[in-house]
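Printed here is target.tsv (TSV, C-alpha atoms and all ligand atoms):
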chain	number	residue	atom	x	y	z
A	1118	MET	CA	-9.62	169.47	-308.33
A	1119	SER	CA	-12.47	171.90	-307.66
A	1120	ASP	CA	-12.02	173.95	-310.84
A	1121	LEU	CA	-12.54	170.73	-312.82
A	1122	GLU	CA	-15.98	170.11	-311.44
A	1123	ASN	CA	-17.79	172.08	-314.09
A	1124	ILE	CA	-15.69	171.26	-317.11
A	1125	LYS	CA	-16.33	168.75	-319.85
A	1126	LEU	CA	-14.20	165.69	-319.13
A	1127	PRO	CA	-13.30	163.06	-321.73
A	1128	VAL	CA	-14.85	159.60	-321.47
A	1129	HIS	CA	-11.70	157.89	-322.73
A	1130	VAL	CA	-8.12	159.14	-322.36
A	1131	ALA	CA	-5.29	157.38	-324.21
A	1132	ILE	CA	-1.65	158.13	-323.41
A	1133	ILE	CA	1.63	157.52	-325.24
A	1134	MET	CA	4.01	157.41	-322.28
A	1135	ASP	CA	7.28	158.57	-323.82
A	1136	GLY	CA	10.61	159.86	-322.53
A	1137	ASN	CA	11.59	157.39	-319.79
A	1138	GLY	CA	14.95	156.74	-321.42
A	1139	ARG	CA	15.80	160.43	-321.85
A	1140	TRP	CA	14.72	161.16	-318.28
A	1141	ALA	CA	17.24	158.60	-317.03
A	1142	GLN	CA	20.02	159.60	-319.44
A	1143	MET	CA	19.73	163.24	-318.35
A	1144	ARG	CA	20.54	162.04	-314.83
A	1145	ASN	CA	23.30	159.65	-315.90
A	1146	LEU	CA	21.15	156.74	-314.78
A	1147	PRO	CA	20.47	153.48	-316.62
A	1148	ARG	CA	17.33	153.64	-318.82
A	1149	VAL	CA	15.52	151.19	-316.57
A	1150	GLU	CA	15.49	153.80	-313.78
A	1151	GLY	CA	13.34	155.94	-316.08
A	1152	HIS	CA	10.90	153.06	-316.49
A	1153	LEU	CA	10.78	152.52	-312.71
A	1154	VAL	CA	9.98	156.19	-312.02
A	1155	GLY	CA	7.58	156.01	-315.01
A	1156	MET	CA	5.71	153.31	-313.11
A	1157	GLU	CA	5.08	155.86	-310.33
A	1158	SER	CA	3.58	158.20	-312.94
A	1159	VAL	CA	1.34	155.34	-314.09
A	1160	ARG	CA	0.07	154.92	-310.52
A	1161	ASP	CA	-0.56	158.66	-310.14
A	1162	ILE	CA	-2.38	159.03	-313.47
A	1163	VAL	CA	-4.50	155.91	-312.94
A	1164	THR	CA	-5.55	157.11	-309.46
A	1165	THR	CA	-6.32	160.62	-310.72
A	1166	THR	CA	-8.37	159.24	-313.64
A	1167	ARG	CA	-10.36	157.04	-311.28
A	1168	ASN	CA	-10.95	159.86	-308.80
A	1169	LEU	CA	-12.15	162.20	-311.54
A	1170	GLY	CA	-14.67	159.60	-312.70
A	1171	ILE	CA	-13.24	159.24	-316.22
A	1172	PRO	CA	-14.36	155.71	-317.15
A	1173	TYR	CA	-11.66	154.60	-319.65
A	1174	LEU	CA	-7.87	155.01	-319.69
A	1175	THR	CA	-5.54	153.34	-322.21
A	1176	LEU	CA	-1.77	153.42	-321.66
A	1177	TYR	CA	0.76	152.49	-324.35
A	1178	ALA	CA	3.27	150.48	-322.31
A	1179	PHE	CA	4.94	148.24	-324.89
A	1180	SER	CA	4.74	148.27	-328.67
A	1181	LYS	CA	5.41	145.38	-331.06
A	1182	GLU	CA	8.49	147.34	-332.15
A	1183	ASN	CA	9.77	147.53	-328.55
A	1184	TRP	CA	10.78	143.83	-328.76
A	1185	THR	CA	13.80	145.00	-330.83
A	1186	ARG	CA	15.24	146.92	-327.84
A	1187	PRO	CA	18.28	145.41	-326.07
A	1188	LYS	CA	17.35	142.15	-324.36
A	1189	GLU	CA	18.34	143.51	-320.96
A	1190	GLU	CA	15.91	146.47	-321.29
A	1191	VAL	CA	13.08	144.24	-322.55
A	1192	ASN	CA	13.60	141.88	-319.61
A	1193	ARG	CA	13.55	144.73	-317.12
A	1194	LEU	CA	10.36	146.12	-318.68
A	1195	LEU	CA	8.71	142.71	-318.30
A	1196	GLU	CA	9.92	142.58	-314.71
A	1197	ILE	CA	8.46	146.05	-314.04
A	1198	LEU	CA	5.14	144.96	-315.53
A	1199	GLY	CA	5.10	141.94	-313.20
A	1200	ILE	CA	5.89	144.15	-310.19
A	1201	TYR	CA	3.18	146.61	-311.22
A	1202	LEU	CA	0.54	143.90	-311.47
A	1203	GLU	CA	1.42	142.47	-308.06
A	1204	GLN	CA	1.67	145.83	-306.31
A	1205	GLU	CA	-1.44	147.40	-307.82
A	1206	LEU	CA	-3.94	144.56	-307.56
A	1207	PRO	CA	-5.12	145.55	-304.04
A	1208	LEU	CA	-5.61	149.17	-305.16
A	1209	MET	CA	-7.49	148.03	-308.29
A	1210	MET	CA	-9.84	146.00	-306.11
A	1211	GLU	CA	-10.30	148.79	-303.57
A	1212	LYS	CA	-10.92	151.45	-306.22
A	1213	GLY	CA	-13.05	149.38	-308.60
A	1214	ILE	CA	-10.53	149.35	-311.44
A	1215	ARG	CA	-10.90	146.74	-314.16
A	1216	PHE	CA	-7.61	145.73	-315.78
A	1217	ASN	CA	-7.63	144.91	-319.46
A	1218	ILE	CA	-5.06	144.30	-322.20
A	1219	VAL	CA	-5.04	145.51	-325.77
A	1220	GLY	CA	-2.40	143.85	-327.90
A	1221	ASP	CA	-0.91	140.45	-328.45
A	1222	LEU	CA	-0.51	138.86	-325.04
A	1223	THR	CA	0.67	135.58	-326.60
A	1224	ASP	CA	4.01	137.28	-327.45
A	1225	PHE	CA	4.84	137.33	-323.73
A	1226	PRO	CA	6.50	134.63	-321.62
A	1227	GLU	CA	4.02	132.23	-320.02
A	1228	ARG	CA	4.57	133.57	-316.46
A	1229	ILE	CA	3.65	137.13	-317.55
A	1230	GLN	CA	0.60	135.89	-319.48
A	1231	LYS	CA	-0.54	134.03	-316.37
A	1232	LYS	CA	-0.13	137.10	-314.14
A	1233	VAL	CA	-1.96	139.33	-316.62
A	1234	ARG	CA	-4.85	136.84	-317.00
A	1235	ASP	CA	-5.08	136.45	-313.24
A	1236	VAL	CA	-5.39	140.23	-312.69
A	1237	MET	CA	-7.89	140.51	-315.56
A	1238	LYS	CA	-10.01	137.78	-314.00
A	1239	LYS	CA	-9.85	139.15	-310.45
A	1240	THR	CA	-10.70	142.70	-311.54
A	1241	GLY	CA	-13.20	141.64	-314.22
A	1242	LYS	CA	-16.31	142.78	-312.34
A	1243	ASN	CA	-14.92	146.20	-311.31
A	1244	ARG	CA	-16.82	149.05	-312.90
A	1245	GLU	CA	-15.35	152.44	-311.85
A	1246	LEU	CA	-12.49	152.61	-314.36
A	1247	CYS	CA	-11.51	150.39	-317.26
A	1248	LEU	CA	-7.70	150.50	-317.38
A	1249	ASN	CA	-6.37	149.22	-320.69
A	1250	ILE	CA	-2.67	148.58	-321.02
A	1251	ALA	CA	-1.41	148.28	-324.59
A	1252	LEU	CA	1.12	145.44	-324.62
A	1253	SER	CA	2.94	144.17	-327.68
A	1254	TYR	CA	0.58	146.52	-329.47
A	1255	SER	CA	0.66	147.66	-333.09
A	1256	GLY	CA	-2.20	149.59	-334.68
A	1257	ARG	CA	-1.50	148.12	-338.11
A	1258	LYS	CA	-1.35	144.56	-336.75
A	1259	GLU	CA	-4.62	145.18	-334.92
A	1260	ILE	CA	-6.27	146.30	-338.19
A	1261	LEU	CA	-4.91	143.25	-340.05
A	1262	HIS	CA	-6.14	140.99	-337.25
A	1263	ALA	CA	-9.60	142.57	-337.58
A	1264	VAL	CA	-9.61	142.23	-341.38
A	1265	THR	CA	-8.68	138.54	-341.11
A	1266	GLY	CA	-11.51	137.89	-338.64
A	1267	ILE	CA	-14.00	139.79	-340.77
A	1268	ALA	CA	-12.98	137.93	-343.95
A	1269	GLU	CA	-13.51	134.57	-342.21
A	1270	ASP	CA	-16.86	135.52	-340.70
A	1271	TYR	CA	-18.07	137.02	-343.99
A	1272	LYS	CA	-17.14	133.84	-345.82
A	1273	ASN	CA	-18.90	131.58	-343.35
A	1274	GLY	CA	-21.98	133.83	-343.30
A	1275	LYS	CA	-21.67	135.07	-339.69
A	1276	ILE	CA	-21.77	138.66	-340.93
A	1277	LYS	CA	-23.66	140.01	-343.92
A	1278	LYS	CA	-22.33	143.56	-344.18
A	1279	ILE	CA	-19.16	145.37	-343.18
A	1280	ASP	CA	-19.46	148.88	-341.79
A	1281	GLU	CA	-17.59	150.93	-339.17
A	1282	ARG	CA	-19.55	149.45	-336.27
A	1283	VAL	CA	-18.95	145.90	-337.41
A	1284	PHE	CA	-15.26	146.64	-338.02
A	1285	SER	CA	-14.82	148.07	-334.51
A	1286	ARG	CA	-16.12	144.81	-333.03
A	1287	TYR	CA	-13.14	142.93	-334.51
A	1288	LEU	CA	-10.53	145.22	-332.95
A	1289	TRP	CA	-8.72	144.45	-329.68
A	1290	THR	CA	-10.55	147.48	-328.26
A	1291	LYS	CA	-13.97	145.87	-328.85
A	1292	GLY	CA	-16.57	147.44	-326.56
A	1293	ILE	CA	-14.35	150.39	-325.63
A	1294	PRO	CA	-15.39	153.82	-326.97
A	1295	ASP	CA	-12.87	155.64	-329.17
A	1296	PRO	CA	-10.51	157.92	-327.21
A	1297	ASP	CA	-11.63	161.54	-326.83
A	1298	LEU	CA	-8.17	162.70	-325.85
A	1299	LEU	CA	-4.73	161.37	-326.78
A	1300	ILE	CA	-1.86	162.66	-324.66
A	1301	ARG	CA	1.76	162.22	-325.72
A	1302	THR	CA	4.66	163.12	-323.46
A	1303	SER	CA	8.24	164.09	-324.42
A	1304	GLY	CA	7.30	166.43	-327.25
A	1305	GLU	CA	7.38	164.04	-330.21
A	1306	LEU	CA	4.73	164.81	-332.84
A	1307	ARG	CA	3.94	161.23	-333.86
A	1308	VAL	CA	1.20	158.68	-333.25
A	1309	SER	CA	3.67	155.75	-333.33
A	1310	ASN	CA	1.27	153.07	-334.58
A	1311	PHE	CA	-1.08	153.61	-331.62
A	1312	LEU	CA	-4.86	153.08	-331.98
A	1313	LEU	CA	-4.77	154.05	-335.67
A	1314	TRP	CA	-8.43	153.26	-336.36
A	1315	GLN	CA	-9.71	154.57	-333.04
A	1316	ILE	CA	-8.12	158.06	-333.07
A	1317	ALA	CA	-9.89	159.29	-336.23
A	1318	TYR	CA	-11.52	162.20	-334.33
A	1319	THR	CA	-9.47	162.20	-331.13
A	1320	GLU	CA	-8.11	165.48	-329.76
A	1321	ILE	CA	-4.30	165.34	-329.51
A	1322	TYR	CA	-2.34	166.98	-326.69
A	1323	VAL	CA	1.47	166.92	-326.73
A	1324	THR	CA	3.59	168.06	-323.81
A	1325	ASP	CA	7.38	168.40	-323.66
A	1326	MET	CA	7.35	166.89	-320.19
A	1327	LEU	CA	8.99	163.46	-319.99
A	1328	TRP	CA	6.75	160.64	-318.75
A	1329	PRO	CA	8.43	160.16	-315.33
A	1330	ASP	CA	7.68	163.85	-314.61
A	1331	PHE	CA	4.08	163.66	-315.84
A	1332	ARG	CA	1.94	163.66	-312.74
A	1333	ARG	CA	-1.49	164.84	-311.59
A	1334	GLU	CA	-1.01	168.59	-312.10
A	1335	ALA	CA	0.30	168.18	-315.65
A	1336	TYR	CA	-2.57	165.79	-316.38
A	1337	LEU	CA	-5.12	168.29	-315.08
A	1338	ASP	CA	-3.60	170.90	-317.43
A	1339	ALA	CA	-4.18	168.53	-320.35
A	1340	LEU	CA	-7.78	167.96	-319.25
A	1341	ARG	CA	-8.41	171.70	-318.93
A	1342	GLU	CA	-7.01	172.22	-322.42
A	1343	TYR	CA	-9.24	169.42	-323.73
A	1344	SER	CA	-12.32	171.03	-322.19
A	1345	ARG	CA	-11.63	174.19	-324.20
A	1346	ARG	CA	-11.41	172.38	-327.54
A	1347	ASP	CA	-14.24	172.73	-329.98
A	1348	ARG	CA	-14.92	169.24	-331.34
A	1349	ARG	CA	-16.77	169.27	-334.63
A	1350	PHE	CA	-16.19	165.75	-336.01
A	1351	GLY	CA	-15.95	167.17	-339.51
A	1352	ARG	CA	-19.22	169.09	-339.21
A	1353	VAL	CA	-19.70	172.81	-339.82
A	1354	LYS	CA	-19.94	174.81	-336.60
A	1355	GLU	CA	-23.51	175.87	-335.90
A	1356	ALA	CA	-24.19	179.63	-335.81
B	1401	LIG	C1	8.79	155.07	-323.58
B	1401	LIG	O1	9.96	155.70	-323.16
B	1401	LIG	C2	8.32	154.14	-322.58
B	1401	LIG	C3	8.23	152.80	-322.72
B	1401	LIG	C4	8.63	152.09	-323.95
B	1401	LIG	C5	7.78	151.95	-321.63
B	1401	LIG	C6	6.66	152.46	-320.80
B	1401	LIG	C7	6.72	151.78	-319.51
B	1401	LIG	C8	6.45	152.34	-318.31
B	1401	LIG	C9	5.95	153.70	-318.14
B	1401	LIG	C10	6.73	151.55	-317.09
B	1401	LIG	C11	5.65	150.86	-316.43
B	1401	LIG	C12	4.36	150.71	-317.09
B	1401	LIG	C13	3.40	149.90	-316.65
B	1401	LIG	C14	2.08	149.89	-317.31
B	1401	LIG	C15	3.62	149.01	-315.52
B	1401	LIG	P1	11.30	155.46	-323.96
B	1401	LIG	O2	12.06	154.40	-323.25
B	1401	LIG	O3	11.01	155.21	-325.39
B	1401	LIG	O4	12.00	156.85	-323.76
B	1401	LIG	P2	12.97	157.62	-324.75
B	1401	LIG	O5	12.15	157.95	-325.97
B	1401	LIG	O6	13.38	158.81	-323.97
B	1401	LIG	O7	14.12	156.69	-325.04
Just dump the structure as structure tokens.
Ligand code: FPP
Amino acid sequence: MSDLENIKLPVHVAIIMDGNGRWAQMRNLPRVEGHLVGMESVRDIVTTTRNLGIPYLTLYAFSKENWTRPKEEVNRLLEILGIYLEQELPLMMEKGIRFNIVGDLTDFPERIQKKVRDVMKKTGKNRELCLNIALSYSGRKEILHAVTGIAEDYKNGKIKKIDERVFSRYLWTKGIPDPDLLIRTSGELRVSNFLLWQIAYTEIYVTDMLWPDFRREAYLDALREYSRRDRRFGRVKEA
């Protein structure tokens, strides 16, 4: 990691983890095998992020639209999430990782909600890395949820004006800085309803690599590429 010591690292990395199904199909394996190996990539990327000192990581694990997948696949994904939470809790505690959810947790079966809340509570005071997992997430739904909250609070006088800062406080990502870098695996050039408000000025990095193959070295390549980007936020470059 030595060549990364002097480069500009992002504060918040968001990742669209795509390509688990294709990874499995290419090996004549059931899709769920791709998700299981994808869980190993999650572990590797979380550990690398923590060790680099990047304070926020948001992973898109399950979209609102993913509920329409075959029941068997949805059930296995929920099972994998449960396994992940159980297996990773000791590491989260040891490494100071705070676990957080963005999305609509109430869509999930009670036993998963309980597990998620338990891990959020136990890791709540950890400060090294804030790991956000997007579950039953939809950027448009998040914006509508924010608008509804703002309309109510405006009506009852809790807020007097509506600006970008106020709006951000009503999002599921409240308190989390906007992502500096968005990584998408598997080569698709889409944002897929992910963090629509938050990625206004985010740098996008797309790799053809499928998520189960995306490990530390590939991640470091993305971070090196990010460090070379010239971020102007709409401003003119100074001479
Ligand atoms: C996209 O690949 C991936 C998902 C919908 C699920 C992501 C889940 C994991 C990486 C497993 C574990 C995660 C956690 C946080 C425990 P796809 O199935 O859409 O792939 P395809 O586009 O090739 O079909």
Taking only C-alpha atoms and all ligand atoms into account, list the residues no farther than 9 Å from ligand LIG 1401 (chain B), as a VMD selection string.
chain A and resid 1133 to 1142 1148 to 1149 1151 to 1160 1176 to 1180 1183 1194 to 1195 1197 to 1202 1250 to 1252 1303 1305 1327 to 1329
Residue nearest A:Asp1295 - candidates A:Ala1131, A:Leu1121, A:Ile1260, A:Leu1246, atoms counted: only C-alpha atoms:
A:Ala1131
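For the set A:Ile1171, A:Ile1279, A:Ala1268, A:Leu1340, the residue with the smallest atom-to-atom gap to A:Cys1247 is A:Ile1171, counting all atoms listed in the file.
A straight line drawn from atom CA of A:Thr1265 to atom CA of A:Ile1132 is 27.3 Å long.
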Please identify all polymer residues within 12 Å of A:Glu1211, counting all atoms listed in the file, omitting same-chain residues fewer than 2 positions from it, and present them as number ranges by chain.
A: 1164, 1167, 1205-1209, 1213-1215, 1239-1240, 1243-1246
Pick from A:Asn1249, A:Thr1290, A:Gln1204, A:Asn1145: nearest to A:Ile1316, with only C-alpha atoms counted?
A:Thr1290
For each of A:Gly1351, A:Gly1304, A:Pro1226, A:Gly1170, take the minimum atom-to-atom distance to A:Lys1125, counting all atoms listed in the file, then give the residue where this is smallest.
A:Gly1170
Coordinates-based distance that separates atom CA of A:Asp1224 from atom CA of A:Trp1184 (Å, one decimal)
9.5 Å
Minimum-distance residue to A:Ile1162, chosen among A:Ile1321, A:Leu1299, A:Val1130, A:Ile1124 (using only C-alpha atoms)
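Closest to A:Ile1162 of all the choices is A:Val1130.
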I need the residue nearest A:Val1128 from this list: A:Leu1288, A:Leu1298, A:Met1326, A:Ala1339. Use only C-alpha atoms for the distance.
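Going through A:Leu1288, A:Leu1298, A:Met1326, A:Ala1339 one by one, the smallest distance to A:Val1128 is for A:Leu1298.
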Separation of atom CA of A:Asn1192 from atom CA of A:Leu1261, in Å and rounded to one decimal
27.6 Å
Select all residues near (-1.7, 152.8, -331.5) (cut-off 6 Å, inclusive, file coordinates), counting all atoms listed in the file, and output them as a list in words.
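The requested residues, written out, are Ser1255, Gly1256, Asn1310, Phe1311, Leu1312 and Leu1313 of chain A.
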6 Å per side around stretch 1165-1180 of chain A: axis-aligned box centre and edge lengths, as AutoDock Vina command-line options:
--center_x -4.9 --center_y 155.2 --center_z -318.7 --size_x 31.6 --size_y 26.0 --size_z 31.9
